[in-house]
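Colleague: This is model_15.tsv, which holds TSV, C-alpha atoms:
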```tsv
chain	number	residue	atom	x	y	z
A	131	MET	CA	8.14	0.98	47.61
A	132	THR	CA	5.50	1.99	45.06
A	133	ASP	CA	6.59	5.66	45.23
A	134	ASP	CA	10.20	4.62	44.59
A	135	ILE	CA	9.18	2.54	41.52
A	136	ASN	CA	7.10	5.43	40.16
A	137	ALA	CA	9.95	7.89	40.71
A	138	ARG	CA	12.40	5.68	38.81
A	139	HIS	CA	9.85	5.19	36.02
A	140	ASN	CA	9.22	8.93	35.74
A	141	ALA	CA	12.94	9.69	35.60
A	142	LYS	CA	13.42	7.07	32.88
A	143	MET	CA	10.51	8.43	30.84
A	144	ARG	CA	11.84	12.00	31.13
A	145	LYS	CA	15.17	10.86	29.67
A	146	ILE	CA	13.42	9.00	26.84
A	147	LYS	CA	11.24	12.02	26.06
A	148	ALA	CA	14.22	14.36	26.00
A	149	ALA	CA	16.09	12.06	23.62
A	150	ARG	CA	13.04	11.66	21.39
A	151	ASP	CA	12.34	15.40	21.31
A	152	LYS	CA	15.96	16.00	20.28
A	153	MET	CA	15.67	13.40	17.51
A	154	MET	CA	12.32	14.73	16.26
A	155	ALA	CA	13.71	18.27	16.03
A	156	THR	CA	16.02	17.06	13.24
A	157	LYS	CA	13.14	15.60	11.15
A	158	THR	CA	11.92	18.58	9.17
A	159	GLU	CA	11.62	17.42	5.55
A	160	GLU	CA	8.25	16.65	3.95
A	161	LYS	CA	7.91	14.65	0.75
A	162	GLY	CA	5.59	12.30	-1.02
A	163	LEU	CA	6.70	8.78	-0.15
A	164	ILE	CA	7.09	5.69	-2.28
A	165	MET	CA	5.97	2.86	0.00
A	166	VAL	CA	6.11	-0.89	-0.57
A	167	HIS	CA	4.18	-3.52	1.36
A	168	THR	CA	5.46	-6.99	0.50
A	169	GLY	CA	6.22	-10.40	1.97
A	170	PRO	CA	4.32	-13.67	2.36
A	171	GLY	CA	2.32	-12.60	5.39
A	172	LYS	CA	-1.22	-11.28	5.50
A	173	GLY	CA	-1.92	-7.55	5.79
A	174	LYS	CA	-0.31	-5.88	2.78
A	175	SER	CA	-3.49	-4.63	1.14
A	176	SER	CA	-5.18	-4.18	4.51
A	177	SER	CA	-2.45	-1.78	5.59
A	178	GLY	CA	-2.70	0.12	2.31
A	179	PHE	CA	-6.44	0.53	2.73
A	180	GLY	CA	-5.87	1.63	6.30
A	181	MET	CA	-3.89	4.56	4.91
A	182	ILE	CA	-6.76	5.29	2.51
A	183	MET	CA	-8.98	5.64	5.60
A	184	ARG	CA	-6.51	8.12	7.06
A	185	CYS	CA	-6.56	10.13	3.84
A	186	ILE	CA	-10.35	10.34	4.01
A	187	ALA	CA	-10.16	11.55	7.61
A	188	HIS	CA	-7.60	14.21	6.70
A	189	GLY	CA	-9.49	15.39	3.62
A	190	MET	CA	-6.76	14.13	1.26
A	191	PRO	CA	-8.16	13.05	-2.13
A	192	ALA	CA	-6.95	9.54	-2.96
A	193	ALA	CA	-7.14	6.89	-5.65
A	194	VAL	CA	-6.97	3.10	-5.69
A	195	VAL	CA	-5.90	1.09	-8.71
A	196	GLN	CA	-6.43	-2.59	-8.06
A	197	PHE	CA	-4.41	-5.07	-10.10
A	198	ILE	CA	-5.00	-8.84	-10.40
A	199	LYS	CA	-8.00	-9.19	-8.06
A	200	GLY	CA	-10.52	-8.35	-10.78
A	201	ASN	CA	-14.24	-8.49	-9.99
A	202	TRP	CA	-13.74	-10.16	-6.63
A	203	ILE	CA	-16.20	-8.41	-4.31
A	204	THR	CA	-14.11	-7.09	-1.43
A	205	GLY	CA	-15.33	-5.12	1.55
A	206	GLU	CA	-12.97	-2.23	0.84
A	207	LYS	CA	-14.15	-1.88	-2.76
A	208	ARG	CA	-17.81	-1.90	-1.75
A	209	PHE	CA	-17.22	0.46	1.18
A	210	LEU	CA	-15.24	3.05	-0.78
A	211	ARG	CA	-17.41	2.98	-3.90
A	212	GLU	CA	-20.69	3.15	-2.00
A	213	ARG	CA	-19.77	5.60	0.75
A	214	PHE	CA	-16.67	7.56	-0.24
A	215	SER	CA	-16.73	7.80	-4.02
A	216	ASP	CA	-16.22	11.57	-3.82
A	217	GLU	CA	-13.11	11.19	-1.67
A	218	VAL	CA	-11.53	8.11	-3.29
A	219	ARG	CA	-11.44	7.06	-6.93
A	220	PHE	CA	-11.50	3.27	-7.24
A	221	PHE	CA	-10.32	1.49	-10.41
A	222	VAL	CA	-10.12	-2.24	-11.11
A	223	SER	CA	-7.82	-3.31	-13.91
A	224	GLY	CA	-7.40	-7.03	-13.39
A	225	GLU	CA	-9.78	-9.77	-14.41
A	226	GLY	CA	-8.92	-12.05	-11.54
A	227	PHE	CA	-6.03	-14.07	-10.18
A	228	THR	CA	-3.73	-15.46	-12.87
A	229	TRP	CA	-4.73	-19.05	-12.14
A	230	GLU	CA	-8.36	-18.04	-12.73
A	231	THR	CA	-7.94	-16.18	-16.02
A	232	GLN	CA	-5.41	-18.66	-17.47
A	233	ASP	CA	-4.75	-16.19	-20.29
A	234	ARG	CA	-1.39	-14.43	-20.10
A	235	GLU	CA	-2.10	-12.01	-22.93
A	236	ARG	CA	-5.30	-10.81	-21.27
A	237	ASP	CA	-3.51	-10.49	-17.94
A	238	ILE	CA	-0.78	-8.40	-19.55
A	239	ALA	CA	-3.31	-6.17	-21.30
A	240	ALA	CA	-5.24	-5.66	-18.05
A	241	ALA	CA	-2.05	-4.82	-16.13
A	242	GLN	CA	-0.91	-2.39	-18.80
A	243	ASN	CA	-4.31	-0.69	-18.70
A	244	GLY	CA	-4.07	-0.47	-14.93
A	245	TRP	CA	-0.63	1.10	-15.14
A	246	GLN	CA	-1.89	3.76	-17.56
A	247	ILE	CA	-4.69	4.58	-15.11
A	248	ALA	CA	-2.19	4.59	-12.23
A	249	LYS	CA	0.06	7.10	-13.99
A	250	GLN	CA	-2.91	9.38	-14.68
A	251	GLN	CA	-3.93	9.32	-11.03
A	252	ILE	CA	-0.39	9.90	-9.76
A	253	LEU	CA	0.07	12.88	-12.07
A	254	ASP	CA	-3.33	14.39	-11.24
A	255	PRO	CA	-2.62	17.44	-9.03
A	256	GLU	CA	-5.86	16.83	-7.09
A	257	ILE	CA	-4.80	13.38	-5.90
A	258	GLN	CA	-2.47	13.19	-2.89
A	259	PHE	CA	-2.28	9.43	-2.26
A	260	VAL	CA	-2.42	6.52	-4.71
A	261	LEU	CA	-2.69	2.88	-3.68
A	262	LEU	CA	-1.50	0.41	-6.33
A	263	ASP	CA	-2.96	-2.75	-4.84
A	264	GLU	CA	-1.26	-6.01	-5.88
A	265	ILE	CA	0.87	-4.31	-8.52
A	266	ASN	CA	3.84	-6.32	-7.25
A	267	ILE	CA	2.19	-9.46	-8.63
A	268	ALA	CA	1.92	-7.87	-12.06
A	269	LEU	CA	5.58	-6.88	-11.82
A	270	ARG	CA	6.59	-10.32	-10.59
A	271	TYR	CA	5.13	-11.96	-13.70
A	272	ASP	CA	6.63	-9.26	-15.95
A	273	TYR	CA	3.22	-8.00	-17.05
A	274	LEU	CA	4.75	-4.58	-16.45
A	275	ASP	CA	8.31	-3.37	-17.03
A	276	ILE	CA	9.91	-2.83	-13.63
A	277	ASP	CA	12.38	-0.29	-15.03
A	278	GLU	CA	9.56	1.79	-16.50
A	279	VAL	CA	7.60	1.74	-13.24
A	280	VAL	CA	10.61	2.69	-11.11
A	281	ASP	CA	11.72	5.42	-13.52
A	282	PHE	CA	8.24	6.94	-13.53
A	283	LEU	CA	8.02	6.93	-9.74
A	284	LEU	CA	11.46	8.50	-9.35
A	285	THR	CA	11.29	11.10	-12.12
A	286	GLN	CA	7.64	11.94	-12.78
A	287	LYS	CA	5.75	11.44	-9.52
A	288	PRO	CA	4.86	14.85	-8.09
A	289	LYS	CA	7.01	15.73	-5.08
A	290	MET	CA	4.22	15.64	-2.50
A	291	THR	CA	2.21	12.68	-3.84
A	292	HIS	CA	2.34	9.46	-1.83
A	293	VAL	CA	2.25	6.10	-3.64
A	294	CYS	CA	1.86	2.72	-1.93
A	295	LEU	CA	2.54	-0.49	-3.88
A	296	THR	CA	1.38	-3.81	-2.42
A	297	GLY	CA	1.85	-7.48	-3.17
A	298	ARG	CA	4.29	-10.24	-2.30
A	299	ASP	CA	7.66	-10.69	-4.01
A	300	ALA	CA	8.44	-7.02	-4.61
A	301	LYS	CA	11.32	-6.74	-7.06
A	302	PRO	CA	14.71	-5.55	-5.78
A	303	GLU	CA	14.63	-2.52	-8.08
A	304	LEU	CA	11.41	-1.31	-6.47
A	305	ILE	CA	12.68	-1.95	-2.95
A	306	ALA	CA	15.81	0.05	-3.73
A	307	ALA	CA	13.77	2.98	-5.07
A	308	ALA	CA	11.25	3.08	-2.22
A	309	ASP	CA	11.37	5.36	0.81
A	310	LEU	CA	9.56	2.90	3.07
A	311	VAL	CA	9.46	-0.89	2.72
A	312	THR	CA	7.56	-3.20	5.04
A	313	GLU	CA	7.75	-6.99	4.79
A	314	MET	CA	4.84	-8.92	6.25
A	315	THR	CA	6.05	-12.24	7.68
A	316	GLU	CA	3.68	-15.13	8.16
A	317	LEU	CA	3.99	-16.95	11.47
A	318	LYS	CA	0.65	-18.77	11.39
A	319	HIS	CA	-2.29	-18.80	8.99
A	320	PRO	CA	-5.60	-20.65	9.38
A	321	PHE	CA	-5.64	-21.51	5.67
A	322	HIS	CA	-3.02	-24.19	6.38
A	323	ASP	CA	-5.46	-25.79	8.81
A	324	GLY	CA	-8.23	-25.97	6.23
A	325	VAL	CA	-9.96	-22.69	7.09
A	326	LYS	CA	-11.21	-20.81	4.03
A	327	ALA	CA	-10.91	-17.04	3.52
A	328	GLN	CA	-13.21	-15.25	5.97
A	329	ARG	CA	-15.40	-12.27	5.10
A	330	GLY	CA	-14.29	-9.17	6.96
A	331	VAL	CA	-10.84	-10.64	7.56
A	332	GLU	CA	-9.57	-11.67	4.11
A	333	PHE	CA	-11.91	-9.72	1.86
```
Could you write out this structure as structure tokens?

Modeller:
Amino acid sequence: MTDDINARHNAKMRKIKAARDKMMATKTEEKGLIMVHTGPGKGKSSSGFGMIMRCIAHGMPAAVVQFIKGNWITGEKRFLRERFSDEVRFFVSGEGFTWETQDRERDIAAAQNGWQIAKQQILDPEIQFVLLDEINIALRYDYLDIDEVVDFLLTQKPKMTHVCLTGRDAKPELIAAADLVTEMTELKHPFHDGVKAQRGVEF
């Protein structure tokens, strides 16, 4: 009985492998991707920083431009600045969440400064991957011009440079322009049960 189950399984896997090999043979193009991580669920920035870890492992110079979060001490910022400053440039443009700063003009100025830094990093031929963390929040509040951001990504981003933009409520224009869009969906979150943000999980 066990041999019969294994034989059927092996035959099924051979068919799947043949179909997958045929599909993969048609995927030959390489390009720098525009990626968007959005949605109300947790994991948007975490996923972006996971790709930064991959870049480090592959010897791909990268840059992070962090919008909105400001001087909040996060594990990823401390880790990258203290241990991988040669591999990853880390910039912070925001002064904190909008409900903390309570100053729209300062928030706009900080976002605009971050966008100037972001463009410099994207255009730098040494940098292969740029993470624009929480830029979608700046776009959501119109601190940045969505048309300008999309036009730059589509017309000026070097062909082989990857750019990942995170934050909930990504604008439709950005979603349309992106090569890869992932929406994080919240099913459960401990915050709703009175649990505060946990070190190592949230920051």

Colleague: May I ask which of the residues A:Arg138, A:Lys287, A:Arg184, A:His292 is the closest one to Leu310 of chain A, counting all atoms listed in the file?

Modeller: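 Result for the nearest residue to Leu310 of chain A: A:His292.
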
Colleague: Which of these residues is nearest to Ala268 of chain A, using all atoms listed in the file: A:Ile198, A:Ile247, A:Ala307, A:Leu210?

Modeller: A:Ile198

Colleague: Which value, in Å to one decimal, gives the distance between atom CA of Asp275 of chain A and atom CA of Ala308 of chain A?

Modeller: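 Atom CA of Ala308 of chain A lies 16.4 Å from atom CA of Asp275 of chain A.
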
Colleague: A:Ile182, A:Ala148, A:Ala187, A:Val194: which is nearest Asp263 of chain A, counting all atoms listed in the file?

Modeller: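 Of A:Ile182, A:Ala148, A:Ala187, A:Val194, the one nearest Asp263 of chain A, counting all atoms listed in the file, is A:Val194.
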
Colleague: Rounded to one decimal place, report the atom CA of Thr312 of chain A-atom CA of Asn266 of chain A distance in Å.

Modeller: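 Result for atom CA of Thr312 of chain A versus atom CA of Asn266 of chain A: 13.2 Å, one decimal.
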
Colleague: Using only C-alpha atoms, which of A:Met165, A:Leu284, A:Leu317, A:Ala192 sits nearest Phe214 of chain A?

Modeller: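 The answer is A:Ala192, which sits nearest to Phe214 of chain A.
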
Colleague: Any idea what's packed within 7 Å of Ile257 of chain A, counting all atoms listed in the file, ignoring anything in its chain fewer than 6 positions away? Could you give it as a list in words?

Modeller: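 Contacts, in chain order: Pro191, Ala192, Ala193 and Gln251 of chain A.
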
Colleague: Which residue is closest to Gly171 of chain A? Choose from A:Leu295, A:Gln328, A:Asp323, A:Met314 and count only C-alpha atoms.

Modeller: A:Met314

Colleague: Near Val331 of chain A, within 10 Å and counting only C-alpha atoms, which residues show up once chain neighbours fewer than 2 positions away are dropped, as JSON, numbers by chain?

Modeller: {"A": [172, 173, 176, 205, 327, 328, 329, 333]}

Colleague: Which residue gives the smallest distance to Val311 of chain A among A:Met183, A:Val260, A:Cys294, A:Val222, with all atoms listed in the file counted?

Modeller: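 So, comparing all the options, the nearest one is A:Cys294.
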
Colleague: Would you compute the distance between atom CA of Val166 of chain A and atom CA of Pro302 of chain A? Give it in Å to one decimal.

Modeller: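 Computing it gives 11.1 Å between the two atoms.
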
Colleague: Once you count all atoms listed in the file, which residues end up no further than 7 Å from (7.8, -14.2, -9.9) in the file's frame, shown as a ChimeraX atom specification?

Modeller: /A:270-271,299

Colleague: Taking (4.0, -8.5, 2.8) in the file's coordinates, which residues come within 6 Å, counting only C-alpha atoms, written as a list in words?

Modeller: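 Residues close enough to count: His167, Thr168, Gly169, Pro170, Gly171, Lys174, Arg298, Glu313 and Met314 of chain A.
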